[in-house]
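Notes follow once the structure below has been shown.
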Protein chains: 2
Amino acid sequence: MKTFSPDDENNKKLVDFLKKLGLNSPEIKIVTSTEIEFKKGENVCKQGSFASYIMILKEGWLKSYIENIHFKNTIFKITKPFSIIGLSCLYGDNHYHFGCQALMPSKVCLVERAVFDNIIKGNNKFASEIIKMYSNSLQNLYDRLNSISNKQSLSKVCDSLIYLSEKIFESDTISPIITRRDIAELSGLATENIVRVLAELKTANAIAVDKKEIAILDMDMLKRFSCFG
Amino acid sequence: MKTFSPDDENNKKLVDFLKKLGLNSPEIKIVTSTEIEFKKGENVCKQGSFASYIMILKEGWLKSYIENIHFKNTIFKITKPFSIIGLSCLYGDNHYHFGCQALMPSKVCLVERAVFDNIIKGNNKFASEIIKMYSNSLQNLYDRLNSISNKQSLSKVCDSLIYLSEKIFESDTISPIITRRDIAELSGLATENIVRVLAELKTANAIAVDKKEIAILDMDMLKRFSCFG
DNA sequence: AATAAATATTGATATTTATCAATTTTGCTT
DNA sequence: AAGCAAAATTGATAAATATCAATATTTATT
């Protein structure tokens with residue numbers, strides 16, 4: 001009798017995800033045929049390099065960011081399993097406009113741009129699901145921009161914590177794979193300030209901190225701080 | 001003998017634009033059937049209001065922005081004629097996630113979301129042109145985010161001037177319809193700082209200022225300042 | 001378990017930017 | 001063209017954040 005390995009389980013979930021996007025079996029076979037593993041910290045794509053592939057995250061977690069001259073990146077998205085990466089490169093000039101790095105060992109399916117494009121053109125349901133993803137990405141960027149451009153550090157950090165908790169980890173606790181520096185690059189602040197604001201939030205009993213894990217105790221308070229500006 | 005009014009001229013350009021996007025004549029008729037005029041300063045859409053329409057700018061100029069609590073907006077895009085506004089609202093929740101205001105008297109075609117969606121679903125060429133627009137919007141937001149999150153005021157202002165000159169007005173001169181406050185909201189800075197940085201750039205002979213019109217004299221210099229961070 | 005390397009933390013200080021107030025200039029309306 | 005309202009400008013000051021340096025803690029490696 002055959003038993004399922006964790007990997008089989010994951011394959012099944014990936015297929016379910018792709019089915020929900022409207023892909024049929026042959027299409028699913030095509031987009032999942034090339035799978036690559038990345039170690040923690042490894043580059044999944046480099047900003048400025050030739051964008052050959054659209055990527056589907058099958059396992060693990062990634063961060064996407066814009067690189068600055070002085071090694072001060074701006075993270076605009078944390079990616080969780082069963083997400084598509086690189087849609088902004090589907091058309092237009094042929095280069096990645098952002099970098100992407102694995103936060104832990106991760107598996108990614110690579111789909112050639114032309115192949116991906118063909119499927120979109122022949123599958124309306126899939127095309128409109130892809131458009132939904134574009135809309136979500138835009139809305140996420142509006143949120144980030146709003147947070148980073150006109151708020152003070154307390155609000156910025158709260159925004160990042162809310163984003164991580166509600167949108168990414170879907171949990172009260174933020175995984176220790178997220179470093180203080182990640183939160184800094186997500187908030188547009190220096191790492192030292194993150195530490196200080198987290199200490200403040202801890203004193204206010206809004207969060208609890210255990211080593212690198214952050215637990216949100218009072219989401220309402222975070223949201224009030226976020227709104228306050 | 002019939003003579004063409006400026007309006008006829010503009011109609012023709014709009015039709016050309018829509019043809020290039022792959023729309024056929026009946027489809028063009030549908031999307032251009034409802035046309036609304038906005039005065040300078042009038043709201044084209046309000047952040048948070050119900051998003052009934054996708055909009056096509058036929059004449060005039062608009063600014064799109066995210067509203068903050070304390071009246072400090074963040075402009076993320078200036079829109080020129082023959083652009084589509086509101087794509088991020090095509091699916092997803094039914095509200096505008098940004099505000100949009102006319103910078104001068106403007107004419108906008110309103111297309112019901114469902115109608116727009118139908119055309120996309122039945123017209124592959126149009127769908128992929130729309131996806132290109134999504135990609136461009138994302139890339140524009142990456143640029144804005146990078147500028148606003150980790151740069152200093154000089155670089156931020158240079159980024160805004162480069163954006164306005166190259167991407168929007170496609171000219172060495174930036175139209176006086178753009179106020180100092182607009183540049184401030186585009187750069188994520190206070191208006192007073194814009195004035196100071198512009199004075200600095202003027203001294204450096206990078207720009208010339210005549211009342212509200214800004215002429216770029218040395219684009220290379222602006223780009224160096226932009227890169228410097 | 002010991003060690004090394006990476007990350008986090010803390011305090012002091014320097015920079016940068018925002019804010020406030022006063023004034024000038026520009027654009028608009030009649 | 002006069003007068004008014006909006007926008008731009010300037011200088012002084014306050015507030016926020018970044019930077020730097022030193023130390024502690026955590027994680028990874030052997």
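Just remember, in the structure tokens the first chain shown is A, the second B, etc., residues are 1-based per chain, and ligands are 1-based in the order shown.
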
- Task: Could you please tell me, as a count of residues only, which residues of chain B have an atom within 10 Å of chain C when using only C-alpha atoms (C1' of nucleotides)?
- Result: 9

- Query: DSSP says helix (DSSP H, G or I) for which residues of range 74-215 of chain B? Put them as a VMD selection string?
  - Reply: chain B and resid 87 to 89 113 to 122 124 to 150 153 to 169 180 to 187 191 to 203

Produce a table with one row for each residue of chain A that has an atom at most 9 Å from any atom of chain B, each row naming the nearest atom pair and its distance in Å at one decimal; use only C-alpha atoms; arrange rows by chain and rising residue number; format as a tab-separated table.
```
residue	atom	partner	partner_atom	distance
A:Tyr65	CA	B:Tyr142	CA	8.9
A:Ile66	CA	B:Asn146	CA	6.4
A:Glu67	CA	B:Asn146	CA	7.9
A:Asn68	CA	B:Asn146	CA	7.4
A:Ile69	CA	B:Gly229	CA	7.0
A:His70	CA	B:Gly229	CA	7.8
A:Lys72	CA	B:Asn150	CA	6.9
A:Asn73	CA	B:Asn150	CA	7.9
A:Thr74	CA	B:Asn146	CA	6.5
A:Phe76	CA	B:Tyr142	CA	8.2
A:Leu87	CA	B:Ser135	CA	7.2
A:Ser88	CA	B:Ser135	CA	4.4
A:Cys89	CA	B:Ser135	CA	6.8
A:Leu90	CA	B:Ser135	CA	7.4
A:Tyr91	CA	B:Lys132	CA	5.8
A:Gly92	CA	B:Lys132	CA	6.7
A:His97	CA	B:Gln139	CA	7.0
A:Phe98	CA	B:Tyr142	CA	8.1
A:Asp117	CA	B:Ser128	CA	8.7
A:Ile120	CA	B:Ser128	CA	8.4
A:Lys121	CA	B:Asn124	CA	5.9
A:Gly122	CA	B:Asn124	CA	8.1
A:Asn124	CA	B:Lys121	CA	5.9
A:Lys125	CA	B:Lys121	CA	8.2
A:Ala127	CA	B:Ala127	CA	7.9
A:Ser128	CA	B:Lys121	CA	7.6
A:Ile130	CA	B:Ile131	CA	8.8
A:Ile131	CA	B:Ile131	CA	7.0
A:Lys132	CA	B:Tyr91	CA	5.8
A:Tyr134	CA	B:Tyr134	CA	6.4
A:Ser135	CA	B:Ser88	CA	4.4
A:Asn136	CA	B:Ser88	CA	7.4
A:Ser137	CA	B:Leu138	CA	7.6
A:Leu138	CA	B:Leu138	CA	6.3
A:Gln139	CA	B:Ser88	CA	6.9
A:Leu141	CA	B:Leu141	CA	6.8
A:Tyr142	CA	B:Ile66	CA	7.1
A:Asp143	CA	B:Ile66	CA	8.5
A:Arg144	CA	B:Leu145	CA	7.9
A:Leu145	CA	B:Leu145	CA	5.9
A:Asn146	CA	B:Ile66	CA	6.4
A:Ile148	CA	B:Ser149	CA	6.1
A:Ser149	CA	B:Gly188	CA	5.2
A:Asn150	CA	B:Gly188	CA	6.5
A:Lys151	CA	B:Asn68	CA	8.7
A:Glu185	CA	B:Ser149	CA	8.8
A:Ser187	CA	B:Ser149	CA	8.2
A:Gly188	CA	B:Ser149	CA	5.1
A:Leu189	CA	B:Ser149	CA	8.1
A:Cys227	CA	B:Ile69	CA	7.3
A:Phe228	CA	B:Ile69	CA	7.6
A:Gly229	CA	B:Ile69	CA	7.1
```

Write the residues of the selection above to a file with N, CA and C atoms, as a short mmCIF file (atom, residue, chain, number, x, y, z; two decimals), in the first residue's frame.
```
data_model
loop_
_atom_site.label_atom_id
_atom_site.label_comp_id
_atom_site.auth_asym_id
_atom_site.auth_seq_id
_atom_site.Cartn_x
_atom_site.Cartn_y
_atom_site.Cartn_z
N TYR A 65 11.70 42.37 -3.28
CA TYR A 65 12.15 43.70 -2.85
C TYR A 65 12.78 44.46 -4.01
N ILE A 66 12.83 45.77 -3.81
CA ILE A 66 13.53 46.65 -4.74
C ILE A 66 14.88 46.96 -4.12
N GLU A 67 15.93 46.83 -4.93
CA GLU A 67 17.27 47.07 -4.42
C GLU A 67 17.66 48.54 -4.56
N ASN A 68 18.22 49.06 -3.48
CA ASN A 68 18.78 50.41 -3.50
C ASN A 68 20.27 50.36 -3.68
N ILE A 69 20.84 51.52 -3.94
CA ILE A 69 22.28 51.59 -4.14
C ILE A 69 23.02 51.18 -2.87
N HIS A 70 22.54 51.68 -1.73
CA HIS A 70 23.30 51.48 -0.51
C HIS A 70 22.82 50.28 0.31
N LYS A 72 20.11 49.19 0.94
CA LYS A 72 18.88 49.36 1.70
C LYS A 72 17.72 48.97 0.81
N ASN A 73 17.27 47.76 0.94
CA ASN A 73 16.20 47.29 0.08
C ASN A 73 14.84 47.75 0.59
N THR A 74 13.88 47.67 -0.28
CA THR A 74 12.50 47.91 0.10
C THR A 74 11.70 46.66 -0.23
N PHE A 76 8.49 44.72 -0.77
CA PHE A 76 7.10 45.11 -1.04
C PHE A 76 6.15 43.92 -0.92
N LEU A 87 4.63 38.38 -12.37
CA LEU A 87 3.60 38.76 -13.35
C LEU A 87 3.90 40.13 -13.97
N SER A 88 4.57 40.98 -13.20
CA SER A 88 4.86 42.31 -13.75
C SER A 88 5.86 42.24 -14.90
N CYS A 89 6.46 41.07 -15.10
CA CYS A 89 7.44 40.92 -16.18
C CYS A 89 6.86 40.16 -17.37
N LEU A 90 5.57 39.87 -17.32
CA LEU A 90 4.98 39.03 -18.37
C LEU A 90 5.11 39.69 -19.73
N TYR A 91 4.83 40.98 -19.79
CA TYR A 91 5.07 41.74 -21.02
C TYR A 91 6.02 42.88 -20.70
N GLY A 92 6.19 43.76 -21.62
CA GLY A 92 7.04 44.91 -21.35
C GLY A 92 8.50 44.53 -21.55
N HIS A 97 12.16 43.61 -12.45
CA HIS A 97 12.29 44.94 -11.86
C HIS A 97 12.44 44.86 -10.34
N PHE A 98 12.63 43.66 -9.85
CA PHE A 98 12.76 43.48 -8.41
C PHE A 98 13.60 42.24 -8.15
N ASP A 117 2.09 32.93 -21.31
CA ASP A 117 1.32 33.85 -22.15
C ASP A 117 0.32 33.09 -23.02
N ILE A 120 -2.65 31.92 -21.02
CA ILE A 120 -3.56 33.05 -20.77
C ILE A 120 -4.42 33.32 -22.00
N LYS A 121 -3.79 33.34 -23.15
CA LYS A 121 -4.50 33.72 -24.37
C LYS A 121 -5.55 32.68 -24.77
N GLY A 122 -5.35 31.44 -24.33
CA GLY A 122 -6.29 30.40 -24.72
C GLY A 122 -7.28 30.01 -23.63
N ASN A 124 -9.78 31.85 -20.90
CA ASN A 124 -10.36 33.08 -20.35
C ASN A 124 -10.49 33.08 -18.84
N LYS A 125 -10.90 31.95 -18.31
CA LYS A 125 -11.04 31.85 -16.87
C LYS A 125 -9.69 32.13 -16.19
N ALA A 127 -7.15 33.73 -17.48
CA ALA A 127 -6.79 35.13 -17.71
C ALA A 127 -7.44 36.04 -16.68
N SER A 128 -8.72 35.77 -16.38
CA SER A 128 -9.34 36.71 -15.45
C SER A 128 -8.86 36.46 -14.03
N ILE A 130 -5.78 35.72 -13.37
CA ILE A 130 -4.49 36.41 -13.38
C ILE A 130 -4.69 37.91 -13.20
N ILE A 131 -5.73 38.42 -13.86
CA ILE A 131 -6.02 39.85 -13.71
C ILE A 131 -6.38 40.18 -12.26
N LYS A 132 -7.10 39.27 -11.60
CA LYS A 132 -7.39 39.47 -10.18
C LYS A 132 -6.10 39.60 -9.37
N TYR A 134 -3.21 40.65 -10.46
CA TYR A 134 -2.66 41.97 -10.73
C TYR A 134 -3.35 43.03 -9.86
N SER A 135 -4.67 42.96 -9.80
CA SER A 135 -5.40 43.94 -8.99
C SER A 135 -4.94 43.88 -7.55
N ASN A 136 -4.84 42.67 -7.02
CA ASN A 136 -4.40 42.52 -5.63
C ASN A 136 -3.00 43.08 -5.43
N SER A 137 -2.13 42.81 -6.39
CA SER A 137 -0.76 43.32 -6.26
C SER A 137 -0.76 44.84 -6.22
N LEU A 138 -1.56 45.44 -7.09
CA LEU A 138 -1.64 46.91 -7.11
C LEU A 138 -2.14 47.43 -5.78
N GLN A 139 -3.21 46.80 -5.28
CA GLN A 139 -3.77 47.27 -4.02
C GLN A 139 -2.77 47.12 -2.88
N LEU A 141 0.43 47.32 -3.18
CA LEU A 141 1.43 48.37 -3.33
C LEU A 141 0.88 49.73 -2.91
N TYR A 142 -0.39 49.99 -3.17
CA TYR A 142 -0.99 51.23 -2.68
C TYR A 142 -0.87 51.29 -1.15
N ASP A 143 -1.19 50.18 -0.51
CA ASP A 143 -1.11 50.13 0.95
C ASP A 143 0.30 50.41 1.44
N ARG A 144 1.27 49.73 0.84
CA ARG A 144 2.66 49.93 1.24
C ARG A 144 3.07 51.38 1.05
N LEU A 145 2.72 51.92 -0.10
CA LEU A 145 3.11 53.29 -0.43
C LEU A 145 2.52 54.27 0.57
N ASN A 146 1.27 54.05 0.89
CA ASN A 146 0.59 54.92 1.85
C ASN A 146 1.27 54.85 3.21
N ILE A 148 4.39 53.89 3.92
CA ILE A 148 5.78 54.34 3.92
C ILE A 148 5.91 55.84 3.68
N SER A 149 4.99 56.42 2.92
CA SER A 149 5.25 57.79 2.50
C SER A 149 4.88 58.84 3.53
N ASN A 150 3.87 58.62 4.32
CA ASN A 150 3.44 59.74 5.14
C ASN A 150 3.17 59.41 6.60
N LYS A 151 3.64 58.27 7.04
CA LYS A 151 3.37 57.94 8.42
C LYS A 151 4.63 57.97 9.27
N GLU A 185 12.92 46.72 6.33
CA GLU A 185 12.87 46.94 4.88
C GLU A 185 11.43 46.95 4.37
N SER A 187 9.07 48.32 6.23
CA SER A 187 8.50 49.55 6.78
C SER A 187 9.20 50.81 6.29
N GLY A 188 10.34 50.63 5.64
CA GLY A 188 11.11 51.80 5.22
C GLY A 188 11.78 52.51 6.38
N LEU A 189 12.27 51.75 7.34
CA LEU A 189 12.93 52.32 8.51
C LEU A 189 14.26 51.62 8.75
N CYS A 227 -3.84 53.84 12.16
CA CYS A 227 -4.69 54.92 11.66
C CYS A 227 -4.24 56.28 12.15
N PHE A 228 -3.67 56.30 13.33
CA PHE A 228 -3.31 57.56 13.93
C PHE A 228 -2.27 58.31 13.08
N GLY A 229 -1.50 57.54 12.34
CA GLY A 229 -0.55 58.15 11.40
C GLY A 229 0.85 58.31 11.94
#
```

Under the rule of at most 8 Å, produce a per-residue listing of chain B near chain D: chain, number, name, the closest pair of atoms, and the distance in Å, as CSV, using only C-alpha atoms (C1' of nucleotides).
```
residue,atom,partner,partner_atom,distance
B:Thr179,CA,D:DA7,C1',8.0
B:Arg180,CA,D:DA8,C1',7.7
B:Glu192,CA,D:DT9,C1',7.9
B:Val195,CA,D:DT9,C1',7.2
```

- Query: Counting only C-alpha atoms (C1' of nucleotides), what is within 12 Å of Phe17 in chain A, bar same-chain residues fewer than 2 positions away, as an MDAnalysis selection string?
  - Reply: chainID A and resid 10:15 19:24 28 32 56:58 81:84 126 129

- Task: Calculate how many Å separate CA of Val44 in chain A from CA of Ala215 in chain A, rounding to one decimal.
- Result: 28.7 Å

- Task: Just give me the gap between CA of Lys77 in chain A and CA of Ala102 in chain A in Å, one decimal is fine.
- Result: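 It comes out at 12.2 Å.
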
- CA of Ile178 in chain A to CA of Glu213 in chain A, straight-line distance in Å: 8.2 Å

- Query: range 4-224 of chain A: which residues are strand (DSSP E or B) by DSSP, as a PyMOL selection string?
  - Reply: chain A and resi 35-38+43-45+50+53-59+62-66+74-79+83-85+95+99-102+106-112+173-174+207-210+213-216

- Excluding Ser33 in chain B and residues on its chain fewer than 6 positions from it, collect all residues at most 9 Å away from it, counting only C-alpha atoms (C1' of nucleotides), and give them as JSON, numbers by chain. {"B": [109, 110, 111]}
